[in-house]
Structures are given as structure tokens and as C-alpha cells.
Amino acid sequence: FDVVTLVRWLALPGSPLAITDPHILFAVAGVAVAALIAALMYSPPGRASGGHLHPGVTVFLWACGLFPRRAVLPYVTAQLVGSAAGTALAGLVWGEPVRRIGYAAVHPAAGTGSVELFLIEGCALAAVFVAVTLVMTRPALRGLIPAVIGLGVGVVIATLGTVTGASINPARAFGPALLSGQYEHFWNYMIAPLVGPALVGLAHRALSARRAPEASPAEA
């Protein structure tokens with residue numbers, strides 16, 4: 001709901017808050033989304049649930065061996081249902097302006113191919129989760145994980161938004177595509193943000209498994 005509302009006020013031509021320069025628009029959006037993600041993850045409901053907000057986070061934690069497989073589907077389902085519900089609510093609250101912006105459906109820049117889009121979205125999110133992994137492995141810094149995720153996503157939106165649309169979250173793409181009926185590049189936006197975190201999570205798990213036997217003699 002907040003993201004669609006943000007797009008409605010900042011991107012709709014004629015809006016009193018409209019930003020016409022796309023680079024400035026995505027920079028402002030990046031700051032706003034970074035703050036929103038961190039605030040939701042630090043909030044009591046976010047702490048209670050783990051504050052995933054993103055199927056990639058769920059898949060990453062499962063790939064790391066830190067989240068039960070049986071909970072992956074319920075979490076992802078909740079994220080996608082929340083996406084559709086939030087988008088629909090924004091349509092009810094703001095009406096015609098939201099329909100004019102296509103329910104904030106995500107689009108890449110003209111000329112951006114499917115392979116290019118997949119690689120950029122996947123690699124950008126993989127970089128965010130590499131940073132998360134580095135923080136996660138240091139107990140004293142674990143409280144910074146929501147800030148790192150928010151900052152990472154904000155930077156990606158600000159720097160890549162004019163190229164890929166900077167969805168980097170299946171839950172960001174799902175609701176707007178469903179409500180607007182705009183499915184161009186839909187599967188790219190749904191799958192690429194899962195592949196990057198999954199690969200980082202599997203790599204982290206493999207490296208952790210290698211380090212464990214090496215540490216055992218010293219500990220003994």
C-alpha cells in the first residue's frame with residue numbers, strides 16, 4: 001500500500017508532489033523504501049514474524065539452514081497475498097490516479113532485454129544478501145540486519161530504478177501486475193529476486209559446513 005501510494009504521489013503527472021526527473025524520483029523512492037523496510041522489520045510485528053517482507057529473505061534463510069522448509073510456502077503465500085491486498089487497498093483509497101499509473105506495475109527501461117533484466121535484478125539482490133551474510137555472521141552486528149537490508153534495497157532502487165524498474169522483490173511485482181493485468185517481464189521479476197538470495201544462502205551454508213570441521217581440532 002505504501003509503495004503504490006508513493007508512486008501515486010511522486011510519479012503521476014499532475015500530482016502536486018510529482019518529480020519529473022526519473023533519477024531524482026528513484027533516489028527519493030529509494031530513501032523512502034529503505035526507511036519503510038527498516039521500520040517494519042524493527043517494529044513489534046516485524047520482530048514477532050521475523051520481518052521477512054520478501055520471498056527472497058525467506059528463501060535465503062531456508063538455504064542457509066536457518067528456516068524450516070515447511071514454513072517457506074506459508075510465508076511466501078502471505079507475502080504475495082499482502083502484496084495483492086495492499087495494492088487493492090491503494091486502488092480503493094486513491095481511485096482513478098492509481099489506475100492511471102497501472103497500479104504502480106514495474107517496467108524496465110526501453111531496450112532492456114530479458115536476460116539483462118534477469119542478471120541485473122538477480123545480481124543486485126545477491127549483493128545485498130552478501131552484505132547481510134557478513135553482518136549475520138557477527139553476533140554483535142546482528143541487530144543491524146534490518147538497516148542493512150533497507151539500505152541495500154534503497155541503494156538498488158536509487159541506482160538501478162531507471163534501468164530495471166528496481167522491483168527486486170516478487171511481492172513488489174505481484175500485486176501491481178495482478179491488479180493492472182500487465183505481465184510483461186512478470187516472471188523475470190518473480191524469479192530473479194529468488195535466485196540471487198538462494199545462491200548466496202547455499203554458498204554461506206557450504207562455507208559454514210567447511211569451516212566447522214576445521215574449527216573442531218582447535219576447539220578440542
# chains A, B, ... in the order shown; residues from 1 in each chain; ligands from 1
>>> residues_around(residues="Leu73 in chain A", least_positions_apart="3", cutoff="10 Å", atoms="only C-alpha atoms", output="MDAnalysis selection string")
chainID A and resid 55 58:59 69:70 76:79
>>> write_last_selection(atoms="all heavy atoms", output="PDB file, in the first residue's frame")
ATOM      1  N   PRO A  55       9.911 -12.707  -0.402  1.00  0.00           N
ATOM      2  CA  PRO A  55      10.162 -14.133  -0.579  1.00  0.00           C
ATOM      3  C   PRO A  55      11.648 -14.479  -0.645  1.00  0.00           C
ATOM      4  O   PRO A  55      12.048 -15.571  -0.230  1.00  0.00           O
ATOM      5  CB  PRO A  55       9.460 -14.446  -1.903  1.00  0.00           C
ATOM      6  CG  PRO A  55       8.361 -13.443  -1.983  1.00  0.00           C
ATOM      7  CD  PRO A  55       8.944 -12.184  -1.398  1.00  0.00           C
ATOM      8  N   THR A  58      12.961 -15.161   2.806  1.00  0.00           N
ATOM      9  CA  THR A  58      12.531 -16.485   3.259  1.00  0.00           C
ATOM     10  C   THR A  58      13.377 -17.579   2.622  1.00  0.00           C
ATOM     11  O   THR A  58      13.855 -18.494   3.302  1.00  0.00           O
ATOM     12  CB  THR A  58      11.048 -16.696   2.910  1.00  0.00           C
ATOM     13  OG1 THR A  58      10.282 -15.611   3.453  1.00  0.00           O
ATOM     14  CG2 THR A  58      10.533 -18.000   3.472  1.00  0.00           C
ATOM     15  N   VAL A  59      13.573 -17.488   1.315  1.00  0.00           N
ATOM     16  CA  VAL A  59      14.364 -18.498   0.602  1.00  0.00           C
ATOM     17  C   VAL A  59      15.824 -18.457   1.049  1.00  0.00           C
ATOM     18  O   VAL A  59      16.466 -19.501   1.217  1.00  0.00           O
ATOM     19  CB  VAL A  59      14.247 -18.269  -0.921  1.00  0.00           C
ATOM     20  CG1 VAL A  59      15.240 -19.148  -1.679  1.00  0.00           C
ATOM     21  CG2 VAL A  59      12.822 -18.569  -1.387  1.00  0.00           C
ATOM     22  N   ARG A  69      11.812 -25.717   6.185  1.00  0.00           N
ATOM     23  CA  ARG A  69      11.254 -25.840   4.834  1.00  0.00           C
ATOM     24  C   ARG A  69       9.735 -25.777   4.845  1.00  0.00           C
ATOM     25  O   ARG A  69       9.125 -25.180   3.950  1.00  0.00           O
ATOM     26  CB  ARG A  69      11.720 -27.159   4.215  1.00  0.00           C
ATOM     27  CG  ARG A  69      11.210 -27.386   2.788  1.00  0.00           C
ATOM     28  CD  ARG A  69      11.794 -28.646   2.188  1.00  0.00           C
ATOM     29  NE  ARG A  69      11.439 -29.826   2.966  1.00  0.00           N
ATOM     30  CZ  ARG A  69      11.858 -31.057   2.695  1.00  0.00           C
ATOM     31  NH1 ARG A  69      12.671 -31.256   1.674  1.00  0.00           N
ATOM     32  NH2 ARG A  69      11.491 -32.081   3.439  1.00  0.00           N
ATOM     33  N   ARG A  70       9.109 -26.362   5.872  1.00  0.00           N
ATOM     34  CA  ARG A  70       7.644 -26.396   5.926  1.00  0.00           C
ATOM     35  C   ARG A  70       7.030 -25.007   6.049  1.00  0.00           C
ATOM     36  O   ARG A  70       5.845 -24.826   5.752  1.00  0.00           O
ATOM     37  CB  ARG A  70       7.176 -27.259   7.096  1.00  0.00           C
ATOM     38  CG  ARG A  70       7.516 -26.686   8.461  1.00  0.00           C
ATOM     39  CD  ARG A  70       7.040 -27.575   9.590  1.00  0.00           C
ATOM     40  NE  ARG A  70       7.340 -27.010  10.903  1.00  0.00           N
ATOM     41  CZ  ARG A  70       8.510 -27.108  11.508  1.00  0.00           C
ATOM     42  NH1 ARG A  70       9.502 -27.784  10.926  1.00  0.00           N
ATOM     43  NH2 ARG A  70       8.712 -26.555  12.699  1.00  0.00           N
ATOM     44  N   VAL A  76       5.727 -17.272   1.968  1.00  0.00           N
ATOM     45  CA  VAL A  76       5.683 -16.689   0.629  1.00  0.00           C
ATOM     46  C   VAL A  76       4.238 -16.389   0.235  1.00  0.00           C
ATOM     47  O   VAL A  76       3.946 -15.346  -0.361  1.00  0.00           O
ATOM     48  CB  VAL A  76       6.364 -17.620  -0.397  1.00  0.00           C
ATOM     49  CG1 VAL A  76       6.135 -17.113  -1.814  1.00  0.00           C
ATOM     50  CG2 VAL A  76       7.856 -17.723  -0.111  1.00  0.00           C
ATOM     51  N   THR A  77       3.330 -17.295   0.577  1.00  0.00           N
ATOM     52  CA  THR A  77       1.916 -17.057   0.281  1.00  0.00           C
ATOM     53  C   THR A  77       1.426 -15.797   0.982  1.00  0.00           C
ATOM     54  O   THR A  77       0.732 -14.962   0.380  1.00  0.00           O
ATOM     55  CB  THR A  77       1.069 -18.262   0.725  1.00  0.00           C
ATOM     56  OG1 THR A  77       1.507 -19.433   0.013  1.00  0.00           O
ATOM     57  CG2 THR A  77      -0.404 -18.024   0.451  1.00  0.00           C
ATOM     58  N   ALA A  78       1.794 -15.632   2.251  1.00  0.00           N
ATOM     59  CA  ALA A  78       1.387 -14.440   2.995  1.00  0.00           C
ATOM     60  C   ALA A  78       1.950 -13.167   2.372  1.00  0.00           C
ATOM     61  O   ALA A  78       1.258 -12.135   2.289  1.00  0.00           O
ATOM     62  CB  ALA A  78       1.842 -14.556   4.445  1.00  0.00           C
ATOM     63  N   GLN A  79       3.185 -13.235   1.906  1.00  0.00           N
ATOM     64  CA  GLN A  79       3.810 -12.060   1.285  1.00  0.00           C
ATOM     65  C   GLN A  79       3.083 -11.668   0.001  1.00  0.00           C
ATOM     66  O   GLN A  79       2.837 -10.475  -0.245  1.00  0.00           O
ATOM     67  CB  GLN A  79       5.291 -12.365   1.011  1.00  0.00           C
ATOM     68  CG  GLN A  79       6.119 -12.479   2.275  1.00  0.00           C
ATOM     69  CD  GLN A  79       7.315 -13.415   2.115  1.00  0.00           C
ATOM     70  OE1 GLN A  79       7.550 -13.981   1.047  1.00  0.00           O
ATOM     71  NE2 GLN A  79       8.069 -13.582   3.183  1.00  0.00           N
TER      72      GLN A  79
END
>>> closest_residue(among="A:Gly46, A:Arg210, A:Arg8, A:His52", to="Glu96 in chain A", atoms="only C-alpha atoms")
A:Arg8
>>> residues_around(residues="range 136-145 of chain A", least_positions_apart="2", cutoff="12 Å", atoms="only C-alpha atoms", output="ChimeraX atom specification")
/A:37-39,41-42,47,50-52,57,61,64,66,128-134,147-152,201,204-205,207-208
>>> residues_around(residues="Ala198 in chain A", least_positions_apart="6", cutoff="8 Å", atoms="only C-alpha atoms", output="count of residues only")
4
>>> residues_around(residues="Gly102 in chain A", least_positions_apart="6", cutoff="9 Å", atoms="only C-alpha atoms", output="PyMOL selection string")
chain A and resi 176-177+179-182
>>> write_last_selection(atoms="all heavy atoms", output="PDB file, in the first residue's frame")
ATOM      1  N   PRO A 176       0.762  -5.366  -8.065  1.00  0.00           N
ATOM      2  CA  PRO A 176       0.518  -4.449  -9.177  1.00  0.00           C
ATOM      3  C   PRO A 176       0.278  -5.151 -10.507  1.00  0.00           C
ATOM      4  O   PRO A 176      -0.576  -4.721 -11.288  1.00  0.00           O
ATOM      5  CB  PRO A 176       1.798  -3.611  -9.207  1.00  0.00           C
ATOM      6  CG  PRO A 176       2.246  -3.586  -7.785  1.00  0.00           C
ATOM      7  CD  PRO A 176       1.944  -4.970  -7.277  1.00  0.00           C
ATOM      8  N   ALA A 177       1.015  -6.224 -10.787  1.00  0.00           N
ATOM      9  CA  ALA A 177       0.787  -6.958 -12.038  1.00  0.00           C
ATOM     10  C   ALA A 177      -0.601  -7.586 -12.046  1.00  0.00           C
ATOM     11  O   ALA A 177      -1.323  -7.529 -13.047  1.00  0.00           O
ATOM     12  CB  ALA A 177       1.858  -8.028 -12.224  1.00  0.00           C
ATOM     13  N   LEU A 179      -3.353  -6.698 -10.360  1.00  0.00           N
ATOM     14  CA  LEU A 179      -4.453  -5.724 -10.413  1.00  0.00           C
ATOM     15  C   LEU A 179      -4.492  -4.977 -11.743  1.00  0.00           C
ATOM     16  O   LEU A 179      -5.561  -4.603 -12.221  1.00  0.00           O
ATOM     17  CB  LEU A 179      -4.314  -4.737  -9.261  1.00  0.00           C
ATOM     18  CG  LEU A 179      -4.999  -5.082  -7.933  1.00  0.00           C
ATOM     19  CD1 LEU A 179      -6.511  -5.074  -8.058  1.00  0.00           C
ATOM     20  CD2 LEU A 179      -4.521  -6.423  -7.375  1.00  0.00           C
ATOM     21  N   SER A 180      -3.318  -4.750 -12.344  1.00  0.00           N
ATOM     22  CA  SER A 180      -3.285  -3.990 -13.598  1.00  0.00           C
ATOM     23  C   SER A 180      -3.419  -4.878 -14.821  1.00  0.00           C
ATOM     24  O   SER A 180      -3.760  -4.403 -15.910  1.00  0.00           O
ATOM     25  CB  SER A 180      -1.971  -3.204 -13.695  1.00  0.00           C
ATOM     26  OG  SER A 180      -0.869  -4.088 -13.854  1.00  0.00           O
ATOM     27  N   GLY A 181      -3.122  -6.172 -14.674  1.00  0.00           N
ATOM     28  CA  GLY A 181      -3.127  -7.080 -15.812  1.00  0.00           C
ATOM     29  C   GLY A 181      -1.928  -6.905 -16.715  1.00  0.00           C
ATOM     30  O   GLY A 181      -1.918  -7.392 -17.849  1.00  0.00           O
ATOM     31  N   GLN A 182      -0.870  -6.238 -16.236  1.00  0.00           N
ATOM     32  CA  GLN A 182       0.348  -6.008 -17.017  1.00  0.00           C
ATOM     33  C   GLN A 182       1.392  -7.038 -16.603  1.00  0.00           C
ATOM     34  O   GLN A 182       1.977  -6.928 -15.519  1.00  0.00           O
ATOM     35  CB  GLN A 182       0.857  -4.584 -16.791  1.00  0.00           C
ATOM     36  CG  GLN A 182      -0.142  -3.513 -17.191  1.00  0.00           C
ATOM     37  CD  GLN A 182       0.373  -2.113 -16.919  1.00  0.00           C
ATOM     38  OE1 GLN A 182       1.561  -1.837 -17.053  1.00  0.00           O
ATOM     39  NE2 GLN A 182      -0.524  -1.214 -16.534  1.00  0.00           N
TER      40      GLN A 182
END
>>> atom_distance(atom1="CA of Gly196 in chain A", atom2="CA of Cys123 in chain A")
6.1 Å
>>> residues_around(residues="Val31 in chain A", least_positions_apart="2", cutoff="9 Å", atoms="only C-alpha atoms", output="NGL selection string")
:A and (26-29 or 33-36 or 150-151 or 154-155 or 157-158)
>>> closest_residue(among="A:Ile168, A:Val4, A:Ala48, A:Ala11", to="Phe118 in chain A", atoms="only C-alpha atoms")
A:Ile168
>>> closest_residue(among="A:Leu53, A:Ala126, A:Val163, A:Ala84", to="Gly113 in chain A", atoms="only C-alpha atoms")
A:Val163
>>> atom_distance(atom1="CA of Asn188 in chain A", atom2="CA of Leu92 in chain A")
28.0 Å
>>> residues_around(residues="Leu80 in chain A", least_positions_apart="5", cutoff="10 Å", atoms="only C-alpha atoms", output="NGL selection string")
:A and (53-55 or 75 or 85-86 or 170-175)
>>> closest_residue(among="A:Pro44, A:His185, A:Phe1, A:Leu194", to="Ser83 in chain A", atoms="only C-alpha atoms")
A:Phe1
>>> closest_residue(among="A:Arg99, A:Leu6, A:Leu199, A:Arg211", to="Ala18 in chain A", atoms="only C-alpha atoms")
A:Leu6
>>> atom_distance(atom1="CA of Gly111 in chain A", atom2="CA of Pro197 in chain A")
26.2 Å
